[in-house]
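S.K.: File follows, target_18.txt with compact mmCIF, C-alpha atoms and all ligand atoms:
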```
# COMPACT_ATOMS: atom_id res chain seq x y z
CA MET A 1 12.40 21.02 -9.46
CA LEU A 2 11.14 17.50 -8.89
CA LEU A 3 9.80 16.46 -12.30
CA ARG A 4 10.08 17.91 -15.76
CA VAL A 5 8.42 16.41 -18.81
CA GLU A 6 9.72 17.81 -22.03
CA ASN A 7 7.90 17.76 -25.34
CA LEU A 8 6.38 14.33 -24.63
CA ARG A 9 4.66 12.62 -27.54
CA LYS A 10 2.87 9.29 -27.76
CA SER A 11 0.66 8.09 -30.61
CA PHE A 12 -1.48 4.99 -31.00
CA GLY A 13 -1.92 4.37 -34.69
CA GLY A 14 -3.06 7.71 -36.00
CA ILE A 15 -4.20 9.05 -32.62
CA LYS A 16 -1.88 11.55 -30.98
CA ALA A 17 -2.75 10.70 -27.38
CA VAL A 18 -0.05 12.99 -25.96
CA ASP A 19 1.07 15.63 -28.41
CA GLY A 20 4.02 17.70 -27.26
CA VAL A 21 3.48 18.19 -23.51
CA THR A 22 5.97 20.15 -21.39
CA PHE A 23 5.55 21.05 -17.71
CA GLU A 24 7.34 20.99 -14.37
CA ILE A 25 6.40 19.96 -10.87
CA GLU A 26 8.13 21.31 -7.79
CA GLU A 27 8.77 19.35 -4.59
CA GLY A 28 5.65 19.18 -2.43
CA GLU A 29 3.27 20.80 -4.93
CA ALA A 30 -0.44 19.90 -5.11
CA ILE A 31 -1.47 19.71 -8.75
CA GLY A 32 -4.71 18.88 -10.51
CA ILE A 33 -4.75 17.50 -14.04
CA VAL A 34 -8.14 17.98 -15.63
CA GLY A 35 -9.44 17.13 -19.08
CA PRO A 36 -12.36 15.54 -20.84
CA ASN A 37 -12.48 11.87 -21.70
CA GLY A 38 -9.78 10.99 -24.24
CA SER A 39 -7.71 14.15 -23.70
CA GLY A 40 -4.54 12.18 -22.91
CA LYS A 41 -4.42 12.23 -19.09
CA THR A 42 -4.00 8.49 -18.61
CA THR A 43 -1.37 8.27 -21.35
CA LEU A 44 0.53 11.11 -19.69
CA TYR A 45 0.45 9.23 -16.36
CA ASN A 46 1.66 6.09 -18.10
CA LEU A 47 4.57 8.01 -19.61
CA ILE A 48 5.55 9.48 -16.23
CA SER A 49 5.27 6.17 -14.36
CA GLY A 50 7.06 4.21 -17.11
CA ILE A 51 4.24 1.97 -18.34
CA TYR A 52 4.72 3.50 -21.80
CA LEU A 53 7.88 4.85 -23.38
CA PRO A 54 7.35 8.07 -25.35
CA ASP A 55 7.78 8.32 -29.12
CA GLU A 56 9.56 11.59 -28.45
CA GLY A 57 10.50 13.76 -25.50
CA LYS A 58 12.01 13.31 -22.06
CA VAL A 59 11.03 12.61 -18.46
CA ILE A 60 13.45 14.16 -15.97
CA PHE A 61 13.12 13.32 -12.26
CA GLU A 62 15.33 15.17 -9.75
CA GLY A 63 17.61 16.18 -12.60
CA ARG A 64 18.04 12.63 -13.89
CA ASP A 65 16.81 11.48 -17.28
CA ILE A 66 14.45 8.56 -16.52
CA THR A 67 12.77 8.43 -19.93
CA ASN A 68 13.76 4.82 -20.52
CA LEU A 69 13.59 3.41 -16.98
CA PRO A 70 11.04 0.66 -16.25
CA PRO A 71 8.24 1.35 -13.73
CA TYR A 72 9.84 -0.54 -10.80
CA GLU A 73 13.03 1.53 -11.11
CA ARG A 74 10.96 4.72 -11.09
CA ALA A 75 9.12 3.47 -7.99
CA LYS A 76 12.47 3.05 -6.23
CA LEU A 77 13.36 6.64 -7.12
CA GLY A 78 10.07 7.86 -5.60
CA ILE A 79 7.30 7.86 -8.19
CA ALA A 80 4.12 6.08 -7.05
CA ARG A 81 0.69 5.94 -8.64
CA THR A 82 -2.79 4.61 -8.15
CA PHE A 83 -5.02 3.23 -10.89
CA GLN A 84 -8.52 4.27 -11.91
CA ILE A 85 -9.65 0.70 -11.35
CA PRO A 86 -7.81 -0.57 -8.28
CA ARG A 87 -6.11 -3.92 -8.82
CA PRO A 88 -5.52 -5.39 -5.39
CA PHE A 89 -4.15 -8.85 -4.76
CA GLY A 90 -7.63 -10.14 -3.98
CA ASN A 91 -6.77 -13.11 -1.82
CA ALA A 92 -4.23 -11.22 0.24
CA THR A 93 -5.33 -9.18 3.24
CA VAL A 94 -5.54 -5.40 3.23
CA LEU A 95 -2.43 -5.25 5.42
CA GLU A 96 -0.49 -7.55 3.09
CA ASN A 97 -1.49 -5.50 0.05
CA VAL A 98 -0.15 -2.33 1.62
CA ALA A 99 2.99 -4.06 2.91
CA ILE A 100 3.77 -5.18 -0.64
CA GLY A 101 3.76 -1.50 -1.64
CA ALA A 102 6.16 -0.71 1.20
CA MET A 103 8.54 -3.45 0.03
CA PHE A 104 8.72 -2.14 -3.52
CA GLY A 105 9.07 1.53 -2.67
CA ARG A 106 11.86 4.01 -2.20
CA GLU A 107 13.44 2.42 0.86
CA LYS A 108 14.77 -1.07 1.35
CA LEU A 109 12.66 -2.47 4.20
CA SER A 110 12.62 -5.82 5.96
CA VAL A 111 9.33 -7.70 5.89
CA GLU A 112 8.70 -6.69 9.49
CA GLU A 113 9.36 -3.03 8.76
CA ALA A 114 7.10 -3.20 5.71
CA PHE A 115 4.23 -4.47 7.85
CA GLU A 116 4.83 -1.72 10.41
CA ARG A 117 4.82 0.85 7.60
CA ALA A 118 1.61 -0.67 6.25
CA GLU A 119 -0.13 -0.33 9.64
CA GLU A 120 0.94 3.30 9.83
CA TYR A 121 -0.59 4.20 6.47
CA LEU A 122 -3.75 2.19 6.97
CA LYS A 123 -4.24 4.32 10.08
CA LEU A 124 -3.57 7.50 8.13
CA VAL A 125 -6.26 6.72 5.54
CA GLY A 126 -8.61 5.48 8.27
CA ILE A 127 -9.11 1.82 7.40
CA GLU A 128 -6.86 0.12 9.96
CA LYS A 129 -9.86 -1.83 11.28
CA LEU A 130 -10.05 -3.65 7.93
CA LYS A 131 -6.45 -4.79 7.95
CA HIS A 132 -7.15 -8.52 8.28
CA LYS A 133 -9.92 -8.56 5.71
CA GLU A 134 -9.32 -10.04 2.26
CA ALA A 135 -8.85 -7.17 -0.18
CA LYS A 136 -11.44 -8.52 -2.59
CA LEU A 137 -14.16 -8.07 0.05
CA LEU A 138 -13.69 -4.30 0.31
CA THR A 139 -16.17 -1.76 -1.03
CA PRO A 140 -14.98 0.38 -3.97
CA LEU A 141 -14.27 3.30 -1.62
CA GLU A 142 -12.30 1.08 0.76
CA LYS A 143 -10.31 -0.32 -2.18
CA ARG A 144 -9.39 3.21 -3.26
CA LEU A 145 -8.28 4.04 0.28
CA MET A 146 -6.22 0.85 0.40
CA GLU A 147 -4.56 1.75 -2.91
CA LEU A 148 -3.79 5.18 -1.53
CA ALA A 149 -2.23 3.60 1.58
CA ARG A 150 -0.22 1.24 -0.61
CA ALA A 151 1.13 4.11 -2.74
CA LEU A 152 1.95 6.17 0.38
CA ALA A 153 3.71 3.23 2.01
CA MET A 154 6.19 3.40 -0.89
CA LYS A 155 7.30 6.76 0.56
CA PRO A 156 7.11 8.49 -2.81
CA LYS A 157 8.32 11.98 -3.60
CA LEU A 158 5.74 12.17 -6.36
CA LEU A 159 2.31 10.58 -6.02
CA LEU A 160 0.11 10.29 -9.11
CA LEU A 161 -3.57 9.71 -8.32
CA ASP A 162 -5.80 8.45 -11.11
CA GLU A 163 -9.47 9.43 -10.72
CA VAL A 164 -9.31 8.75 -7.01
CA MET A 165 -12.77 10.28 -6.50
CA ALA A 166 -14.55 8.88 -9.55
CA GLY A 167 -18.07 7.63 -8.96
CA MET A 168 -18.14 8.68 -5.31
CA ASN A 169 -20.96 10.49 -3.56
CA PRO A 170 -20.31 14.09 -2.39
CA VAL A 171 -19.71 13.03 1.21
CA ASP A 172 -17.00 10.56 0.19
CA VAL A 173 -15.49 13.10 -2.23
CA ASP A 174 -15.17 15.57 0.65
CA ARG A 175 -13.64 12.87 2.80
CA ILE A 176 -11.02 12.11 0.15
CA ILE A 177 -10.27 15.82 -0.34
CA GLU A 178 -9.73 16.30 3.40
CA LEU A 179 -7.52 13.22 3.44
CA LEU A 180 -5.44 14.45 0.49
CA LYS A 181 -4.99 17.83 2.18
CA LYS A 182 -3.86 16.09 5.35
CA ILE A 183 -1.41 13.89 3.44
CA HIS A 184 -0.12 16.93 1.61
CA ARG A 185 0.44 18.73 4.94
CA GLU A 186 2.00 15.84 6.80
CA GLU A 187 3.97 13.95 4.16
CA ASP A 188 6.42 16.02 2.21
CA ILE A 189 5.34 14.84 -1.23
CA ALA A 190 4.14 16.32 -4.49
CA ILE A 191 0.64 15.05 -5.26
CA VAL A 192 -0.87 15.09 -8.72
CA SER A 193 -4.56 14.29 -8.89
CA MET A 194 -6.17 13.60 -12.23
CA VAL A 195 -9.91 13.98 -12.81
CA GLU A 196 -12.26 14.14 -15.74
CA HIS A 197 -14.94 16.19 -13.97
CA LEU A 198 -15.23 17.09 -10.24
CA MET A 199 -13.74 20.53 -10.81
CA GLN A 200 -15.02 21.86 -7.49
CA ALA A 201 -13.22 19.06 -5.71
CA ILE A 202 -9.94 19.73 -7.50
CA VAL A 203 -10.14 23.46 -6.79
CA LYS A 204 -10.32 22.68 -3.06
CA PHE A 205 -7.14 20.65 -3.23
CA ALA A 206 -4.84 21.83 -6.01
CA GLU A 207 -2.49 24.82 -5.93
CA ARG A 208 -2.10 24.61 -9.70
CA VAL A 209 -4.30 23.07 -12.38
CA ILE A 210 -3.26 21.78 -15.80
CA VAL A 211 -6.05 21.34 -18.34
CA MET A 212 -5.49 18.80 -21.11
CA HIS A 213 -7.32 18.77 -24.43
CA GLN A 214 -6.61 16.59 -27.45
CA GLY A 215 -3.20 15.54 -26.15
CA LYS A 216 -2.01 19.08 -25.43
CA ILE A 217 -1.99 21.43 -22.46
CA LEU A 218 -4.86 23.82 -23.07
CA VAL A 219 -4.38 26.11 -20.04
CA GLU A 220 -2.28 25.91 -16.89
CA GLY A 221 -2.19 28.00 -13.70
CA GLU A 222 -4.07 29.06 -10.59
CA PRO A 223 -7.21 26.87 -10.21
CA GLU A 224 -10.08 29.38 -10.16
CA LYS A 225 -8.63 31.35 -13.05
CA VAL A 226 -7.86 28.30 -15.16
CA LEU A 227 -11.25 26.67 -14.72
CA ASN A 228 -13.09 29.84 -15.70
CA HIS A 229 -10.84 30.45 -18.68
CA PRO A 230 -12.93 30.85 -21.88
CA LYS A 231 -11.02 28.03 -23.62
CA VAL A 232 -11.74 25.64 -20.76
CA ILE A 233 -15.41 26.59 -20.64
CA GLU A 234 -15.62 25.95 -24.38
CA VAL A 235 -14.08 22.50 -24.07
CA TYR A 236 -16.55 21.59 -21.32
CA LEU A 237 -19.59 22.26 -23.55
CA GLY A 238 -19.99 25.92 -22.88
CA LYS A 239 -20.80 25.45 -19.21
CA LYS A 240 -19.12 27.30 -16.40
CA VAL A 241 -17.10 24.64 -14.66
CA ILE A 242 -16.97 26.15 -11.16
N1 LIG B 1 -3.33 1.67 -25.56
C1 LIG B 1 -4.00 2.43 -26.43
N2 LIG B 1 -4.25 2.00 -27.69
C2 LIG B 1 -4.90 2.77 -28.57
N3 LIG B 1 -5.38 3.99 -28.30
C3 LIG B 1 -5.17 4.49 -27.07
C4 LIG B 1 -4.48 3.74 -26.07
N4 LIG B 1 -4.43 4.48 -24.93
C5 LIG B 1 -5.06 5.64 -25.22
N5 LIG B 1 -5.51 5.65 -26.49
C6 LIG B 1 -6.20 6.76 -27.15
O1 LIG B 1 -5.49 7.95 -26.88
C7 LIG B 1 -6.37 9.03 -26.59
C8 LIG B 1 -6.07 9.56 -25.19
O2 LIG B 1 -6.49 8.59 -24.24
P1 LIG B 1 -6.23 8.69 -22.68
O3 LIG B 1 -6.77 7.46 -22.06
O4 LIG B 1 -4.83 9.05 -22.41
O5 LIG B 1 -7.15 9.94 -22.30
P2 LIG B 1 -7.78 10.32 -20.91
O6 LIG B 1 -7.84 11.81 -20.89
O7 LIG B 1 -7.05 9.67 -19.82
O8 LIG B 1 -9.22 9.74 -21.01
P3 LIG B 1 -9.95 8.71 -20.01
O9 LIG B 1 -10.49 9.57 -18.93
O10 LIG B 1 -11.00 8.10 -20.88
O11 LIG B 1 -8.91 7.71 -19.57
C9 LIG B 1 -7.78 8.49 -26.75
O12 LIG B 1 -8.22 8.80 -28.05
C10 LIG B 1 -7.60 6.99 -26.58
O13 LIG B 1 -8.58 6.28 -27.30
```
Show this structure as structure tokens.

M.R.:
Amino acid sequence: MLLRVENLRKSFGGIKAVDGVTFEIEEGEAIGIVGPNGSGKTTLYNLISGIYLPDEGKVIFEGRDITNLPPYERAKLGIARTFQIPRPFGNATVLENVAIGAMFGREKLSVEEAFERAEEYLKLVGIEKLKHKEAKLLTPLEKRLMELARALAMKPKLLLLDEVMAGMNPVDVDRIIELLKKIHREEDIAIVSMVEHLMQAIVKFAERVIVMHQGKILVEGEPEKVLNHPKVIEVYLGKKVI
């Protein structure tokens, strides 16, 4: 078992953003976390990556209790994430942005090694030609790919992707799905991808889907079954989701 979250709770004022969530992730699993706006997905990510501390509950990574570790310590252990709105260092180049990820990841790299690692992952995500461009000049899709390269360059064991396909056209969504499948095949890492909609996309990628609703896990299991579960259909306004 790679990660276990146990009875996690986090409230903001009177809002129970995450309300008693327990699940496990195995090494190398491909997981989709789905849920409507406000269901607690982002808060859950923030609890796993250490941006928030829970009011209650535990985060266990490779058997170690990391509930109170700060984000940079979790990154060193092998937890990396991307953000819904990428936040690159705008004046730095694409290569530098990815190299920074490599330097703050799981392995202790020299600057030279970090740049080599950055080149490798820019190639993997297919934007090596942009390496000398300033990050702020990238398109939204290119920024997402750069963020993905930066997270991968940290050599994580667990990669948390936040709405990596949001706002993309179907062609780009397919491109990202193919890329995620390739990464999942080639890099031995567990990948969790969180989406609000785009169920069809998540079904193509995930081996297991967790559906969140009002801070709780509504249903969890094999993708096709979960997304056609009556409770899930009800939450998504009575429509069949796939
Ligand atoms: N920092 C915060 N302060 C106050 N309320 C918050 C905060 N973060 C989240 N919430 C509230 O907690 C609930 C869960 O929000 P969260 O962002 O985790 O859901 P989500 O499923 O990720 O939705 P979204 O797709 O909009 O990010 C919402 O009601 C939200 O308004």

S.K.: Please list as a VMD selection string every residue within 12 Å of Val232 of chain A, counting all atoms listed in the file and excluding residues in the same chain fewer than 2 positions away.

M.R.: chain A and resid 34 to 36 199 209 to 213 217 to 220 223 to 230 234 to 242

S.K.: Using all atoms listed in the file, what residues lie at most 8 Å away from (8.0, 17.2, -3.5) (file coordinates), given as a short mmCIF file (atom, residue, chain, number, x, y, z; two decimals) with C-alpha atoms, in the coordinates of the input?

M.R.:
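The resulting part_6.cif:
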```cif
data_model
loop_
_atom_site.label_atom_id
_atom_site.label_comp_id
_atom_site.auth_asym_id
_atom_site.auth_seq_id
_atom_site.Cartn_x
_atom_site.Cartn_y
_atom_site.Cartn_z
CA LEU A 2 11.14 17.50 -8.89
CA GLU A 26 8.13 21.31 -7.79
CA GLU A 27 8.77 19.35 -4.59
CA GLY A 28 5.65 19.18 -2.43
CA GLU A 29 3.27 20.80 -4.93
CA LYS A 157 8.32 11.98 -3.60
CA LEU A 158 5.74 12.17 -6.36
CA ASP A 188 6.42 16.02 2.21
CA ILE A 189 5.34 14.84 -1.23
CA ALA A 190 4.14 16.32 -4.49
CA ILE A 191 0.64 15.05 -5.26
#
```

S.K.: Produce the centre coordinates and the three edge lengths, each in Å to one decimal, of the box along x, y and z that contains all listed atoms of segment 165-169 of chain A with 8 Å added on each side, as lines of an AutoDock Vina configuration file.

M.R.:
```
center_x = -16.9
center_y = 9.1
center_z = -6.6
size_x = 24.2
size_y = 18.9
size_z = 22.0
```

S.K.: Given the choices A:Met1, A:Leu141, A:Ile60, A:Val111, which gets closest to Arg175 of chain A if the distance is worked out from only C-alpha atoms?

M.R.: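 Of the candidates, the smallest distance to Arg175 of chain A is held by A:Leu141.
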
S.K.: Distance limit 9 Å, reference ligand LIG 1 (chain B), atoms considered: all atoms listed in the file. Which residues make the cut? Give them as number ranges by chain.

M.R.: A: 10-18, 34-46, 84, 162-163, 194-196, 212-215

S.K.: Please write the residues from the selection above to a file, keeping C-alpha atoms, as a JSON list (two decimals), in the coordinates of the input.

M.R.:
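Written file, again-v8.json:
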```json
[["chain", "number", "residue", "atom", "x", "y", "z"],
["A", 10, "LYS", "CA", 2.87, 9.29, -27.76],
["A", 11, "SER", "CA", 0.66, 8.09, -30.61],
["A", 12, "PHE", "CA", -1.48, 4.99, -31.00],
["A", 13, "GLY", "CA", -1.92, 4.37, -34.69],
["A", 14, "GLY", "CA", -3.06, 7.71, -36.00],
["A", 15, "ILE", "CA", -4.20, 9.05, -32.62],
["A", 16, "LYS", "CA", -1.88, 11.55, -30.98],
["A", 17, "ALA", "CA", -2.75, 10.70, -27.38],
["A", 18, "VAL", "CA", -0.05, 12.99, -25.96],
["A", 34, "VAL", "CA", -8.14, 17.98, -15.63],
["A", 35, "GLY", "CA", -9.44, 17.13, -19.08],
["A", 36, "PRO", "CA", -12.36, 15.54, -20.84],
["A", 37, "ASN", "CA", -12.48, 11.87, -21.70],
["A", 38, "GLY", "CA", -9.78, 10.99, -24.24],
["A", 39, "SER", "CA", -7.71, 14.15, -23.70],
["A", 40, "GLY", "CA", -4.54, 12.18, -22.91],
["A", 41, "LYS", "CA", -4.42, 12.23, -19.09],
["A", 42, "THR", "CA", -4.00, 8.49, -18.61],
["A", 43, "THR", "CA", -1.37, 8.27, -21.35],
["A", 44, "LEU", "CA", 0.53, 11.11, -19.69],
["A", 45, "TYR", "CA", 0.45, 9.23, -16.36],
["A", 46, "ASN", "CA", 1.66, 6.09, -18.10],
["A", 84, "GLN", "CA", -8.52, 4.27, -11.91],
["A", 162, "ASP", "CA", -5.80, 8.45, -11.11],
["A", 163, "GLU", "CA", -9.47, 9.43, -10.72],
["A", 194, "MET", "CA", -6.17, 13.60, -12.23],
["A", 195, "VAL", "CA", -9.91, 13.98, -12.81],
["A", 196, "GLU", "CA", -12.26, 14.14, -15.74],
["A", 212, "MET", "CA", -5.49, 18.80, -21.11],
["A", 213, "HIS", "CA", -7.32, 18.77, -24.43],
["A", 214, "GLN", "CA", -6.61, 16.59, -27.45],
["A", 215, "GLY", "CA", -3.20, 15.54, -26.15]]
```

S.K.: Out of A:Asn68, A:Asn169, A:Ser110, A:Asn91, which residue has the shortest atom-to-atom distance to Lys133 of chain A when counting all atoms listed in the file?

M.R.: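 Smallest distance to Lys133 of chain A is found for A:Asn91.
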
S.K.: Residues near Lys181 of chain A, anyone? I mean within 9 Å using all atoms listed in the file, not counting same-chain ones fewer than 5 positions away, as a PyMOL selection string.

M.R.: chain A and resi 30+176+186+204-205

S.K.: Could you check how far atom CA of Phe104 of chain A sits from atom CA of Ala92 of chain A, in Å to one decimal?

M.R.: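 Spanning atom CA of Phe104 of chain A to atom CA of Ala92 of chain A is a straight-line distance of 16.3 Å.
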
S.K.: Go ahead and compute the interatomic distance for atom CA of Gly90 of chain A and atom CA of Leu137 of chain A, in Å to one decimal.

M.R.: 7.9 Å

S.K.: Could you work out how far atom CA of Ile51 of chain A lies from atom CA of Pro70 of chain A, giving the answer in Å with one decimal?

M.R.: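 Computing it gives 7.2 Å between the two atoms.
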
S.K.: Please provide as a PyMOL selection string all residues within 9 Å of Glu119 of chain A, with the sequence filter that same-chain residues fewer than 3 positions apart are discarded (counting only C-alpha atoms).

M.R.: chain A and resi 95+98-99+114-116+122-124+128+131

S.K.: Write the residues of the preceding selection, restricted to C-alpha atoms, as a PDB file, keeping the file's coordinate frame.

M.R.:
```
ATOM      1  CA  LEU A  95      -2.430  -5.250   5.420  1.00  0.00           C
ATOM      2  CA  VAL A  98      -0.150  -2.330   1.620  1.00  0.00           C
ATOM      3  CA  ALA A  99       2.990  -4.060   2.910  1.00  0.00           C
ATOM      4  CA  ALA A 114       7.100  -3.200   5.710  1.00  0.00           C
ATOM      5  CA  PHE A 115       4.230  -4.470   7.850  1.00  0.00           C
ATOM      6  CA  GLU A 116       4.830  -1.720  10.410  1.00  0.00           C
ATOM      7  CA  LEU A 122      -3.750   2.190   6.970  1.00  0.00           C
ATOM      8  CA  LYS A 123      -4.240   4.320  10.080  1.00  0.00           C
ATOM      9  CA  LEU A 124      -3.570   7.500   8.130  1.00  0.00           C
ATOM     10  CA  GLU A 128      -6.860   0.120   9.960  1.00  0.00           C
ATOM     11  CA  LYS A 131      -6.450  -4.790   7.950  1.00  0.00           C
TER      12      LYS A 131
END
```

S.K.: Restricting the calculation to only C-alpha atoms, which member of A:Lys58, A:His197, A:Lys155, A:Arg87 is positioned closest to Gly20 of chain A?

M.R.: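 With only C-alpha atoms as the atom set, the closest residue is A:Lys58.
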
S.K.: Pick the closest to Thr139 of chain A from A:Val59, A:Ile127, A:Glu73, A:Leu3: which is it, counting all atoms listed in the file?

M.R.: A:Ile127

S.K.: For a quick check of understanding, using only C-alpha atoms, which of A:Asp55, A:Arg64, A:Ile79, A:Ile202 has the smallest distance to Val173 of chain A?

M.R.: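 For Val173 of chain A, the nearest of the given residues is A:Ile202.
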
S.K.: List every protein, DNA or RNA residue with an atom no more than 9 Å from (3.8, 4.2, -13.7) in the file's coordinates, counting only C-alpha atoms, and format the result as a PDB file with C-alpha atoms, keeping the file's coordinate frame.

M.R.:
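Output saved as part_8.pdb:
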```pdb
ATOM      1  CA  TYR A  45       0.450   9.230 -16.360  1.00  0.00           C
ATOM      2  CA  ASN A  46       1.660   6.090 -18.100  1.00  0.00           C
ATOM      3  CA  LEU A  47       4.570   8.010 -19.610  1.00  0.00           C
ATOM      4  CA  ILE A  48       5.550   9.480 -16.230  1.00  0.00           C
ATOM      5  CA  SER A  49       5.270   6.170 -14.360  1.00  0.00           C
ATOM      6  CA  GLY A  50       7.060   4.210 -17.110  1.00  0.00           C
ATOM      7  CA  ILE A  51       4.240   1.970 -18.340  1.00  0.00           C
ATOM      8  CA  TYR A  52       4.720   3.500 -21.800  1.00  0.00           C
ATOM      9  CA  PRO A  70      11.040   0.660 -16.250  1.00  0.00           C
ATOM     10  CA  PRO A  71       8.240   1.350 -13.730  1.00  0.00           C
ATOM     11  CA  TYR A  72       9.840  -0.540 -10.800  1.00  0.00           C
ATOM     12  CA  ARG A  74      10.960   4.720 -11.090  1.00  0.00           C
ATOM     13  CA  ALA A  75       9.120   3.470  -7.990  1.00  0.00           C
ATOM     14  CA  ILE A  79       7.300   7.860  -8.190  1.00  0.00           C
ATOM     15  CA  ALA A  80       4.120   6.080  -7.050  1.00  0.00           C
ATOM     16  CA  ARG A  81       0.690   5.940  -8.640  1.00  0.00           C
ATOM     17  CA  THR A  82      -2.790   4.610  -8.150  1.00  0.00           C
ATOM     18  CA  LEU A 160       0.110  10.290  -9.110  1.00  0.00           C
TER      19      LEU A 160
END
```

S.K.: I need the residue nearest Ile25 of chain A from this list: A:Val5, A:Ile177, A:Met146, A:Leu53. Use all atoms listed in the file for the distance.

M.R.: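 Nearest candidate to Ile25 of chain A out of A:Val5, A:Ile177, A:Met146, A:Leu53: A:Val5.
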